[in-house]
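S.K.: This one is entry-v2.cif, mmCIF, C-alpha atoms.
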```cif
data_data
loop_
_atom_site.group_PDB
_atom_site.id
_atom_site.type_symbol
_atom_site.label_atom_id
_atom_site.label_comp_id
_atom_site.auth_asym_id
_atom_site.auth_seq_id
_atom_site.Cartn_x
_atom_site.Cartn_y
_atom_site.Cartn_z
ATOM 1 C CA MET A 1407 1.200 12.221 -7.446
ATOM 2 C CA ARG A 1408 2.231 11.616 -11.051
ATOM 3 C CA MET A 1409 5.228 9.408 -11.580
ATOM 4 C CA HIS A 1410 7.573 9.080 -14.520
ATOM 5 C CA ASN A 1411 7.365 5.695 -16.225
ATOM 6 C CA ALA A 1412 10.908 4.915 -15.111
ATOM 7 C CA ASP A 1413 9.815 5.316 -11.471
ATOM 8 C CA GLU A 1414 7.521 2.315 -11.677
ATOM 9 C CA THR A 1415 10.475 0.006 -11.033
ATOM 10 C CA CYS A 1416 12.255 2.297 -8.543
ATOM 11 C CA GLY A 1417 11.882 1.294 -4.919
ATOM 12 C CA VAL A 1418 12.834 4.763 -3.693
ATOM 13 C CA ALA A 1419 10.094 6.342 -5.778
ATOM 14 C CA GLN A 1420 7.532 3.796 -4.619
ATOM 15 C CA ALA A 1421 8.460 4.353 -0.961
ATOM 16 C CA ALA A 1422 8.183 8.105 -1.519
ATOM 17 C CA LEU A 1423 4.509 7.596 -2.368
ATOM 18 C CA VAL A 1424 4.056 6.655 1.299
ATOM 19 C CA LEU A 1425 6.774 8.626 3.089
ATOM 20 C CA GLY A 1426 6.938 11.611 0.766
ATOM 21 C CA ASP A 1427 3.841 13.087 2.407
ATOM 22 C CA TRP A 1428 4.505 15.057 5.635
ATOM 23 C CA TRP A 1429 1.255 13.987 7.279
ATOM 24 C CA ASN A 1430 1.720 10.315 6.396
ATOM 25 C CA VAL A 1431 5.061 10.307 8.197
ATOM 26 C CA LEU A 1432 3.578 11.913 11.309
ATOM 27 C CA VAL A 1433 0.614 9.522 11.315
ATOM 28 C CA LEU A 1434 2.988 6.549 11.170
ATOM 29 C CA ARG A 1435 5.151 8.095 13.906
ATOM 30 C CA GLU A 1436 2.141 8.388 16.222
ATOM 31 C CA VAL A 1437 0.754 4.926 15.453
ATOM 32 C CA ALA A 1438 4.184 3.504 16.322
ATOM 33 C CA ARG A 1439 3.922 5.366 19.643
ATOM 34 C CA GLY A 1440 0.612 3.647 20.417
ATOM 35 C CA GLN A 1441 -1.793 6.402 19.325
ATOM 36 C CA VAL A 1442 -4.004 4.131 17.261
ATOM 37 C CA ARG A 1443 -7.439 5.738 17.548
ATOM 38 C CA PHE A 1444 -8.744 8.565 15.399
ATOM 39 C CA ASP A 1445 -9.313 11.161 18.121
ATOM 40 C CA ALA A 1446 -5.927 10.480 19.709
ATOM 41 C CA LEU A 1447 -4.184 10.840 16.350
ATOM 42 C CA ALA A 1448 -6.024 14.076 15.591
ATOM 43 C CA ALA A 1449 -5.089 15.510 18.984
ATOM 44 C CA GLU A 1450 -1.418 14.495 18.802
ATOM 45 C CA ILE A 1451 -0.803 15.691 15.259
ATOM 46 C CA GLY A 1452 -3.161 18.681 15.221
ATOM 47 C CA LEU A 1453 -4.678 17.596 11.935
ATOM 48 C CA SER A 1454 -8.210 18.338 10.718
ATOM 49 C CA ARG A 1455 -10.578 15.382 10.728
ATOM 50 C CA LYS A 1456 -11.015 15.618 6.945
ATOM 51 C CA VAL A 1457 -7.284 15.486 6.200
ATOM 52 C CA LEU A 1458 -6.673 12.776 8.795
ATOM 53 C CA THR A 1459 -9.454 10.648 7.312
ATOM 54 C CA GLU A 1460 -7.846 10.995 3.876
ATOM 55 C CA ARG A 1461 -4.386 10.096 5.129
ATOM 56 C CA LEU A 1462 -5.576 7.088 7.109
ATOM 57 C CA GLY A 1463 -7.584 5.834 4.148
ATOM 58 C CA GLY A 1464 -4.572 6.179 1.897
ATOM 59 C CA LEU A 1465 -2.257 4.331 4.312
ATOM 60 C CA VAL A 1466 -4.797 1.513 4.607
ATOM 61 C CA ALA A 1467 -5.102 1.328 0.812
ATOM 62 C CA GLN A 1468 -1.286 1.202 0.526
ATOM 63 C CA GLY A 1469 -1.189 -1.744 2.915
ATOM 64 C CA VAL A 1470 0.762 0.078 5.620
ATOM 65 C CA LEU A 1471 -2.082 0.273 8.164
ATOM 66 C CA ARG A 1472 -5.076 -1.954 8.823
ATOM 67 C CA ARG A 1473 -8.342 -1.124 10.543
ATOM 68 C CA ALA A 1474 -9.428 -3.152 13.586
ATOM 69 C CA LEU A 1475 -12.916 -2.789 15.076
ATOM 70 C CA TYR A 1476 -12.877 -1.959 18.785
ATOM 71 C CA GLN A 1477 -16.432 -0.622 19.267
ATOM 72 C CA ARG A 1478 -19.691 -1.516 17.541
ATOM 73 C CA ARG A 1479 -22.111 1.181 18.748
ATOM 74 C CA PRO A 1480 -21.141 3.531 17.281
ATOM 75 C CA VAL A 1481 -18.667 1.785 14.991
ATOM 76 C CA ARG A 1482 -15.096 2.741 15.840
ATOM 77 C CA TYR A 1483 -11.790 1.451 14.476
ATOM 78 C CA GLU A 1484 -8.184 1.376 15.585
ATOM 79 C CA TYR A 1485 -5.432 1.805 13.019
ATOM 80 C CA LEU A 1486 -2.646 -0.733 13.443
ATOM 81 C CA LEU A 1487 0.610 -1.301 11.617
ATOM 82 C CA THR A 1488 0.668 -4.155 9.128
ATOM 83 C CA ASP A 1489 3.845 -6.119 8.477
ATOM 84 C CA ALA A 1490 4.638 -3.595 5.761
ATOM 85 C CA GLY A 1491 4.071 -0.766 8.215
ATOM 86 C CA THR A 1492 6.249 -2.352 10.881
ATOM 87 C CA ALA A 1493 8.990 -2.729 8.267
ATOM 88 C CA LEU A 1494 8.964 1.069 7.898
ATOM 89 C CA LEU A 1495 9.957 1.652 11.538
ATOM 90 C CA PRO A 1496 13.720 1.442 10.834
ATOM 91 C CA VAL A 1497 13.188 4.107 8.160
ATOM 92 C CA LEU A 1498 11.438 6.385 10.665
ATOM 93 C CA VAL A 1499 14.195 5.843 13.233
ATOM 94 C CA ALA A 1500 16.845 6.539 10.582
ATOM 95 C CA MET A 1501 15.025 9.767 9.705
ATOM 96 C CA GLN A 1502 15.037 10.696 13.390
ATOM 97 C CA ASP A 1503 18.762 9.959 13.634
ATOM 98 C CA TRP A 1504 19.467 12.154 10.610
ATOM 99 C CA GLY A 1505 17.281 14.959 11.971
ATOM 100 C CA ASP A 1506 18.842 14.817 15.438
ATOM 101 C CA ARG A 1507 22.372 14.836 14.060
ATOM 102 C CA TRP A 1508 22.189 17.117 11.032
ATOM 103 C CA ALA A 1509 19.051 19.295 11.371
ATOM 104 C CA LEU A 1510 18.932 19.717 15.174
ATOM 105 C CA GLY A 1511 22.621 19.090 15.871
ATOM 106 C CA ASP A 1512 25.971 20.103 14.438
ATOM 107 C CA GLY A 1513 26.682 16.841 12.601
ATOM 108 C CA THR A 1514 28.855 15.339 15.351
ATOM 109 C CA LEU A 1515 28.671 11.556 15.652
ATOM 110 C CA THR A 1516 28.138 10.810 19.332
ATOM 111 C CA ALA A 1517 26.510 8.192 21.550
ATOM 112 C CA THR A 1518 25.656 10.746 24.207
ATOM 113 C CA ALA A 1519 23.841 14.101 24.263
ATOM 114 C CA GLU A 1520 24.292 17.649 25.453
ATOM 115 C CA ALA A 1521 21.966 19.129 28.050
ATOM 116 C CA GLY A 1522 19.541 21.463 26.337
ATOM 117 C CA GLY A 1523 19.644 19.588 23.029
ATOM 118 C CA ALA A 1524 16.662 18.046 21.255
ATOM 119 C CA GLU A 1525 17.453 14.473 22.310
ATOM 120 C CA HIS A 1526 17.935 15.488 25.937
ATOM 121 C CA ALA A 1527 14.604 17.337 25.943
ATOM 122 C CA ARG A 1528 12.773 14.454 24.264
ATOM 123 C CA VAL A 1529 14.012 11.804 26.722
ATOM 124 C CA HIS A 1530 13.342 13.975 29.756
ATOM 125 C CA ALA A 1531 9.785 14.569 28.517
ATOM 126 C CA LEU A 1532 9.064 10.814 28.638
ATOM 127 C CA PRO A 1533 7.811 10.632 32.281
ATOM 128 C CA GLY A 1534 4.052 10.180 32.084
ATOM 129 C CA THR A 1535 4.312 8.281 28.784
ATOM 130 C CA ARG A 1536 2.765 4.822 28.790
ATOM 131 C CA LEU A 1537 4.488 2.043 26.860
ATOM 132 C CA PRO A 1538 2.210 0.609 24.156
ATOM 133 C CA GLU A 1539 0.478 -2.663 25.008
ATOM 134 C CA GLY A 1540 1.823 -5.789 23.366
ATOM 135 C CA LEU A 1541 5.309 -4.380 22.923
ATOM 136 C CA ASP A 1542 7.068 -7.674 23.672
ATOM 137 C CA LEU A 1543 10.445 -8.118 22.021
ATOM 138 C CA PRO A 1544 12.581 -11.153 21.192
ATOM 139 C CA GLY A 1545 15.138 -11.724 23.907
ATOM 140 C CA THR A 1546 17.209 -14.089 25.958
ATOM 141 C CA ALA A 1547 14.600 -14.819 28.655
ATOM 142 C CA GLY A 1548 17.581 -15.907 30.743
ATOM 143 C CA ALA A 1549 20.717 -17.601 29.492
ATOM 144 C CA GLY A 1550 19.597 -21.212 29.346
ATOM 145 C CA PRO A 1551 19.358 -23.469 26.275
ATOM 146 C CA GLY A 1552 16.497 -22.797 23.898
ATOM 147 C CA THR A 1553 15.934 -19.213 25.013
ATOM 148 C CA GLU A 1554 17.167 -17.470 21.882
ATOM 149 C CA GLY A 1555 14.535 -15.215 20.328
ATOM 150 C CA ALA A 1556 11.742 -15.997 22.804
ATOM 151 C CA ASP A 1557 9.350 -13.083 23.245
ATOM 152 C CA VAL A 1558 10.020 -11.276 26.501
ATOM 153 C CA PRO A 1559 7.533 -8.845 28.083
ATOM 154 C CA LEU A 1560 9.205 -5.483 28.546
ATOM 155 C CA ILE A 1561 7.187 -4.880 31.703
ATOM 156 C CA PRO A 1562 6.602 -8.047 33.758
ATOM 157 C CA PRO A 1563 3.094 -8.042 35.253
ATOM 158 C CA ASP A 1564 4.320 -9.164 38.686
ATOM 159 C CA ALA A 1565 6.986 -6.469 39.135
ATOM 160 C CA SER A 1566 6.364 -3.370 41.239
ATOM 161 C CA ALA A 1567 8.627 -1.470 38.844
ATOM 162 C CA THR A 1568 10.947 -2.162 35.931
ATOM 163 C CA VAL A 1569 14.319 -0.667 35.126
ATOM 164 C CA LEU A 1570 14.830 -0.700 31.356
ATOM 165 C CA PHE A 1571 18.310 0.271 30.288
ATOM 166 C CA ALA A 1572 19.275 0.862 26.665
ATOM 167 C CA TYR A 1573 22.891 0.420 25.630
ATOM 168 C CA PRO A 1574 24.745 0.578 22.282
ATOM 169 C CA GLY A 1575 26.018 -3.013 22.135
ATOM 170 C CA THR A 1576 28.492 -5.502 23.541
ATOM 171 C CA GLY A 1577 31.590 -6.929 21.877
ATOM 172 C CA VAL A 1578 31.900 -3.991 19.476
ATOM 173 C CA GLU A 1579 35.011 -1.945 18.672
ATOM 174 C CA TRP A 1580 33.611 1.574 18.728
ATOM 175 C CA GLY A 1581 36.581 3.706 17.849
ATOM 176 C CA PRO A 1582 36.345 7.422 18.635
ATOM 177 C CA ILE A 1583 32.582 7.650 19.286
ATOM 178 C CA PRO A 1584 32.000 9.540 22.539
ATOM 179 C CA GLY A 1585 29.819 7.686 25.045
ATOM 180 C CA ALA A 1586 29.657 4.357 23.195
ATOM 181 C CA ALA A 1587 32.034 2.298 25.337
ATOM 182 C CA GLY A 1588 31.091 0.706 28.645
ATOM 183 C CA CYS A 1589 28.259 -1.661 27.703
ATOM 184 C CA THR A 1590 29.889 -4.738 29.228
ATOM 185 C CA LEU A 1591 30.616 -2.815 32.442
ATOM 186 C CA GLU A 1592 27.004 -1.651 32.624
ATOM 187 C CA ASN A 1593 25.625 -5.159 32.216
ATOM 188 C CA ARG A 1594 28.019 -6.503 34.843
ATOM 189 C CA LEU A 1595 27.030 -3.796 37.321
ATOM 190 C CA PHE A 1596 23.337 -4.599 36.857
ATOM 191 C CA ARG A 1597 24.203 -8.291 37.233
ATOM 192 C CA ASP A 1598 26.093 -7.704 40.474
ATOM 193 C CA ALA A 1599 23.279 -5.517 41.842
ATOM 194 C CA TRP A 1600 20.587 -7.977 40.769
ATOM 195 C CA PRO A 1601 20.003 -9.382 44.311
ATOM 196 C CA ASP A 1602 19.152 -5.864 45.502
ATOM 197 C CA PHE A 1603 16.762 -5.297 42.586
ATOM 198 C CA HIS A 1604 15.151 -8.686 43.204
ATOM 199 C CA ARG A 1605 14.636 -8.014 46.906
ATOM 200 C CA ALA A 1606 12.974 -4.723 46.030
ATOM 201 C CA GLY A 1607 10.587 -6.430 43.601
ATOM 202 C CA VAL A 1608 12.114 -4.528 40.675
ATOM 203 C CA ALA A 1609 12.575 -6.181 37.294
ATOM 204 C CA VAL A 1610 15.537 -5.380 35.062
ATOM 205 C CA ARG A 1611 15.642 -5.416 31.276
ATOM 206 C CA GLY A 1612 18.564 -4.515 29.038
ATOM 207 C CA THR A 1613 17.918 -3.605 25.420
ATOM 208 C CA SER A 1614 20.074 -2.978 22.374
ATOM 209 C CA THR A 1615 19.626 -3.238 18.625
ATOM 210 C CA GLN A 1616 21.827 -6.326 18.494
ATOM 211 C CA LEU A 1617 20.284 -9.556 17.228
ATOM 212 C CA PRO A 1618 18.909 -12.103 19.722
ATOM 213 C CA HIS A 1619 21.673 -14.637 19.089
ATOM 214 C CA GLU A 1620 24.307 -11.971 19.749
ATOM 215 C CA GLN A 1621 22.629 -11.049 23.018
ATOM 216 C CA LEU A 1622 22.220 -14.679 24.015
ATOM 217 C CA GLU A 1623 25.921 -15.402 23.528
ATOM 218 C CA PHE A 1624 26.802 -12.457 25.757
ATOM 219 C CA ALA A 1625 24.151 -13.310 28.378
ATOM 220 C CA ARG A 1626 25.463 -16.860 28.695
ATOM 221 C CA ALA A 1627 29.086 -15.755 28.892
ATOM 222 C CA GLU A 1628 28.331 -13.167 31.573
ATOM 223 C CA GLN A 1629 25.685 -15.280 33.381
ATOM 224 C CA LEU A 1630 23.155 -12.475 33.365
ATOM 225 C CA PRO A 1631 20.155 -13.146 35.657
ATOM 226 C CA TYR A 1632 17.893 -10.703 33.787
ATOM 227 C CA PRO A 1633 16.747 -10.792 30.146
ATOM 228 C CA LEU A 1634 18.231 -8.840 27.276
ATOM 229 C CA VAL A 1635 15.705 -7.860 24.620
ATOM 230 C CA SER A 1636 16.457 -7.117 20.993
ATOM 231 C CA ASP A 1637 15.197 -3.913 19.407
ATOM 232 C CA ALA A 1638 16.744 -4.819 16.066
ATOM 233 C CA ALA A 1639 13.427 -3.956 14.369
ATOM 234 C CA HIS A 1640 13.411 -0.573 16.168
ATOM 235 C CA GLN A 1641 9.926 -1.015 17.625
ATOM 236 C CA LEU A 1642 10.920 0.347 21.033
ATOM 237 C CA ALA A 1643 12.987 3.173 19.569
ATOM 238 C CA ALA A 1644 10.040 4.228 17.407
ATOM 239 C CA ALA A 1645 7.499 3.852 20.217
ATOM 240 C CA LEU A 1646 9.411 6.155 22.582
ATOM 241 C CA ARG A 1647 11.419 8.168 20.026
ATOM 242 C CA LEU A 1648 14.605 7.023 21.749
ATOM 243 C CA PRO A 1649 17.838 8.679 20.598
ATOM 244 C CA VAL A 1650 20.065 6.562 18.386
ATOM 245 C CA PHE A 1651 23.357 6.862 16.542
ATOM 246 C CA ARG A 1652 24.952 4.926 13.704
ATOM 247 C CA GLY A 1653 27.947 2.904 14.855
ATOM 248 C CA ALA A 1654 29.665 -0.223 13.531
ATOM 249 C CA GLY A 1655 27.246 -0.404 10.608
ATOM 250 C CA ARG A 1656 24.007 -0.345 12.605
ATOM 251 C CA LEU A 1657 21.670 2.112 14.279
ATOM 252 C CA ARG A 1658 22.360 1.831 18.018
ATOM 253 C CA HIS A 1659 20.586 3.002 21.143
ATOM 254 C CA LYS A 1660 22.252 5.792 23.029
ATOM 255 C CA ARG A 1661 22.799 4.800 26.650
ATOM 256 C CA LEU A 1662 19.838 5.710 28.862
ATOM 257 C CA ILE A 1663 17.766 4.271 31.701
ATOM 258 C CA LEU A 1664 13.984 4.322 32.094
ATOM 259 C CA VAL A 1665 12.208 3.560 35.358
ATOM 260 C CA VAL A 1666 8.722 2.246 34.567
ATOM 261 C CA ASP A 1667 5.925 1.574 37.049
ATOM 262 C CA ALA A 1668 3.573 -1.411 37.206
ATOM 263 C CA GLU A 1669 1.086 0.390 34.934
ATOM 264 C CA ARG A 1670 3.673 0.614 32.117
ATOM 265 C CA THR A 1671 4.142 4.344 32.649
ATOM 266 C CA VAL A 1672 7.605 5.897 32.508
ATOM 267 C CA ARG A 1673 8.232 7.602 35.838
ATOM 268 C CA HIS A 1674 11.908 8.557 35.655
ATOM 269 C CA THR A 1675 14.608 8.893 33.010
ATOM 270 C CA LEU A 1676 18.381 8.960 33.336
ATOM 271 C CA PHE A 1677 20.056 10.493 30.277
ATOM 272 C CA PRO A 1678 22.753 10.948 29.322
ATOM 273 C CA VAL A 1679 24.402 8.221 31.383
ATOM 274 C CA THR A 1680 28.021 9.212 31.904
ATOM 275 C CA ASP A 1681 28.655 7.803 35.406
ATOM 276 C CA ILE A 1682 27.503 4.204 34.943
ATOM 277 C CA PRO A 1683 27.949 2.972 38.556
ATOM 278 C CA HIS A 1684 25.998 5.963 39.879
ATOM 279 C CA ALA A 1685 23.235 5.467 37.282
ATOM 280 C CA VAL A 1686 22.763 1.805 38.228
ATOM 281 C CA ALA A 1687 22.487 2.689 41.921
ATOM 282 C CA GLU A 1688 20.181 5.629 41.211
ATOM 283 C CA SER A 1689 17.868 3.513 39.055
ATOM 284 C CA LEU A 1690 17.496 1.048 41.941
ATOM 285 C CA ARG A 1691 16.696 3.869 44.366
ATOM 286 C CA LEU A 1692 14.084 5.395 42.067
ATOM 287 C CA ALA A 1693 12.472 2.068 41.182
ATOM 288 C CA ALA A 1694 12.345 0.821 44.799
ATOM 289 C CA ALA A 1695 10.475 4.002 45.739
ATOM 290 C CA LEU A 1696 7.674 2.996 43.350
ATOM 291 C CA ARG A 1697 6.774 -0.118 45.344
ATOM 292 C CA THR A 1698 3.080 -0.218 46.185
ATOM 293 C CA PRO A 1699 1.842 -0.549 49.792
ATOM 294 C CA VAL A 1700 0.623 -4.070 48.953
ATOM 295 C CA ALA A 1701 4.099 -5.039 47.766
ATOM 296 C CA ARG A 1702 5.635 -3.673 50.988
ATOM 297 C CA ASP A 1703 3.146 -5.560 53.143
ATOM 298 C CA ASP A 1704 3.698 -8.813 51.262
ATOM 299 C CA ARG A 1705 7.459 -8.619 51.706
ATOM 300 C CA SER A 1706 7.574 -7.382 55.291
#
```
When written as structure tokens, how does the structure in this file appear?
M.R.:
Amino acid sequence: MRMHNADETCGVAQAALVLGDWWNVLVLREVARGQVRFDALAAEIGLSRKVLTERLGGLVAQGVLRRALYQRRPVRYEYLLTDAGTALLPVLVAMQDWGDRWALGDGTLTATAEAGGAEHARVHALPGTRLPEGLDLPGTAGAGPGTEGADVPLIPPDASATVLFAYPGTGVEWGPIPGAAGCTLENRLFRDAWPDFHRAGVAVRGTSTQLPHEQLEFARAEQLPYPLVSDAAHQLAAALRLPVFRGAGRLRHKRLILVVDAERTVRHTLFPVTDIPHAVAESLRLAAALRTPVARDDRS
């Protein structure tokens, strides 16, 4: 791509060298979702091996991806996001938000979704999707001193199942945005039901795009027994293509609940969440049903 001399100092123009190519954007979308090997990328995107090789080589040369050897005979590489690549995730999520609202929707600003819409279909297609390995996020890890920003595993290895609920944010004046209010109520209901989740061997995680210190302040004030994890860098949203909206100056998760098994695979989704008390109870029922026979025997 030829650039005008004036574009050499333009950040938008320089970013367009990476994101201005349709296939580059889709490659980055799939790598963020955990498809990091050549054959998996080719299958997901439907791209010829020649074109995919060119795009991957270009993204490596631009410092957005790096190659990591995972097999020696024959030589095989994984393609992983660099720091520069990870910094592009908010851009991808913002593109998704724009597409959901303006290209696939009618332009309405909402924190919920209509049945039959693109966001509804995308979330309800998540069962069977495995969360990428190593997707630990900064979180509260409880509400005690010194817990701010500690990495928290999204899926604890000792849990028979995990309920991961995404919410827009606490302590925010939303104004007339449908579906945004109720985050404090939701956290309190999960807190009050925590003994039942614990007895069932089910872990609970709450996630928003708020910063860790904001979450920690809320977790301490509300005495939450489960961790809140920060998706401020939009790694989780990009990995699962979660629906978002822009509210109070920040991209926010729309309220939804994922029930994930011990193998990191999404088994159930609840979206949109309009009846919060019912959704909390239903997530417990669905997660408790995923307990393995070993877990039942150990706790009998």
S.K.: Please enumerate the residues selected by the PyMOL selection byres ((chain A and resi 1484) around 9) when evaluated against the supplied file, formatted as a PyMOL selection string.
M.R.: chain A and resi 1441-1444+1472-1476+1482-1483+1485-1486
S.K.: With C-alpha atoms retained, export the selected residues as a tab-separated table (two decimals), keeping the file's coordinate frame.
M.R.:
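Written out: selection16.tsv:
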```tsv
chain	number	residue	atom	x	y	z
A	1441	GLN	CA	-1.79	6.40	19.32
A	1442	VAL	CA	-4.00	4.13	17.26
A	1443	ARG	CA	-7.44	5.74	17.55
A	1444	PHE	CA	-8.74	8.56	15.40
A	1472	ARG	CA	-5.08	-1.95	8.82
A	1473	ARG	CA	-8.34	-1.12	10.54
A	1474	ALA	CA	-9.43	-3.15	13.59
A	1475	LEU	CA	-12.92	-2.79	15.08
A	1476	TYR	CA	-12.88	-1.96	18.78
A	1482	ARG	CA	-15.10	2.74	15.84
A	1483	TYR	CA	-11.79	1.45	14.48
A	1485	TYR	CA	-5.43	1.80	13.02
A	1486	LEU	CA	-2.65	-0.73	13.44
```
S.K.: Just checking: using only C-alpha atoms, which residue out of A:Val1437, A:Ala1638, A:Leu1453, A:Ala1547 ends up closest to Pro1574 of chain A?
M.R.: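 Closest candidate: A:Ala1638.
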S.K.: Would you mind reading off the distance between atom CA of Arg1626 of chain A and atom CA of Asp1598 of chain A, one decimal, in Å?
M.R.: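 Atom CA of Arg1626 of chain A sits 14.9 Å away from atom CA of Asp1598 of chain A.
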S.K.: Show me, as JSON, the centre and edge lengths in Å to one decimal of the axis-aligned box that covers every listed atom of segment 1427-1434 of chain A with 4 Å on each side.
M.R.:
```
{"center_x": 2.8, "center_y": 10.8, "center_z": 6.9, "size_x": 12.4, "size_y": 16.5, "size_z": 16.9}
```
S.K.: Name every residue that the PyMOL selection byres ((chain A and resi 1498) around 10) selects in this structure, writing the answer as a list in words with chains first and numbers rising.
M.R.: Leu1425, Val1431, Leu1432, Leu1434, Arg1435, Ala1438, Ala1493, Leu1494, Leu1495, Pro1496, Val1497, Val1499, Ala1500, Met1501, Gln1502, Asp1503, Trp1504, His1640, Ala1643, Ala1644 and Arg1647 of chain A
S.K.: Using the chain letters and residue numbers of this document, give as a ChimeraX atom specification the residues selected by the PyMOL selection byres ((chain A and resi 1617) around 12).
M.R.: /A:1543-1546,1554-1555,1575-1576,1613-1616,1618-1624,1634-1640,1656,1658
S.K.: Work out how far apart atom CA of Glu1460 of chain A and atom CA of Ala1490 of chain A are and give it in Å to one decimal.
M.R.: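 Straight-line distance from atom CA of Glu1460 of chain A to atom CA of Ala1490 of chain A works out to 19.3 Å.
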S.K.: Could you please fill out segment 1519-1531 of chain A with N, CA and C atoms and send it back as a CSV table (one decimal), in the frame of the given file?
M.R.:
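Saved as out-v9.csv:
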```csv
chain,number,residue,atom,x,y,z
A,1519,ALA,N,24.6,12.9,24.6
A,1519,ALA,CA,23.8,14.1,24.3
A,1519,ALA,C,24.2,15.2,25.2
A,1520,GLU,N,24.1,16.5,24.7
A,1520,GLU,CA,24.3,17.6,25.5
A,1520,GLU,C,23.0,18.1,26.1
A,1521,ALA,N,23.1,18.6,27.4
A,1521,ALA,CA,22.0,19.1,28.0
A,1521,ALA,C,21.5,20.3,27.2
A,1522,GLY,N,20.1,20.4,27.1
A,1522,GLY,CA,19.5,21.5,26.3
A,1522,GLY,C,19.3,21.1,24.9
A,1523,GLY,N,19.9,20.0,24.4
A,1523,GLY,CA,19.6,19.6,23.0
A,1523,GLY,C,18.3,18.9,22.8
A,1524,ALA,N,18.0,18.6,21.6
A,1524,ALA,CA,16.7,18.0,21.3
A,1524,ALA,C,16.5,16.7,21.9
A,1525,GLU,N,17.5,15.8,21.8
A,1525,GLU,CA,17.5,14.5,22.3
A,1525,GLU,C,17.3,14.5,23.8
A,1526,HIS,N,18.0,15.4,24.5
A,1526,HIS,CA,17.9,15.5,25.9
A,1526,HIS,C,16.5,15.9,26.3
A,1527,ALA,N,16.0,16.9,25.6
A,1527,ALA,CA,14.6,17.3,25.9
A,1527,ALA,C,13.6,16.2,25.7
A,1528,ARG,N,13.7,15.5,24.6
A,1528,ARG,CA,12.8,14.5,24.3
A,1528,ARG,C,12.8,13.3,25.3
A,1529,VAL,N,13.9,12.9,25.7
A,1529,VAL,CA,14.0,11.8,26.7
A,1529,VAL,C,13.5,12.3,28.1
A,1530,HIS,N,13.8,13.5,28.5
A,1530,HIS,CA,13.3,14.0,29.8
A,1530,HIS,C,11.9,14.4,29.8
A,1531,ALA,N,11.2,14.4,28.6
A,1531,ALA,CA,9.8,14.6,28.5
A,1531,ALA,C,9.0,13.3,28.6
```
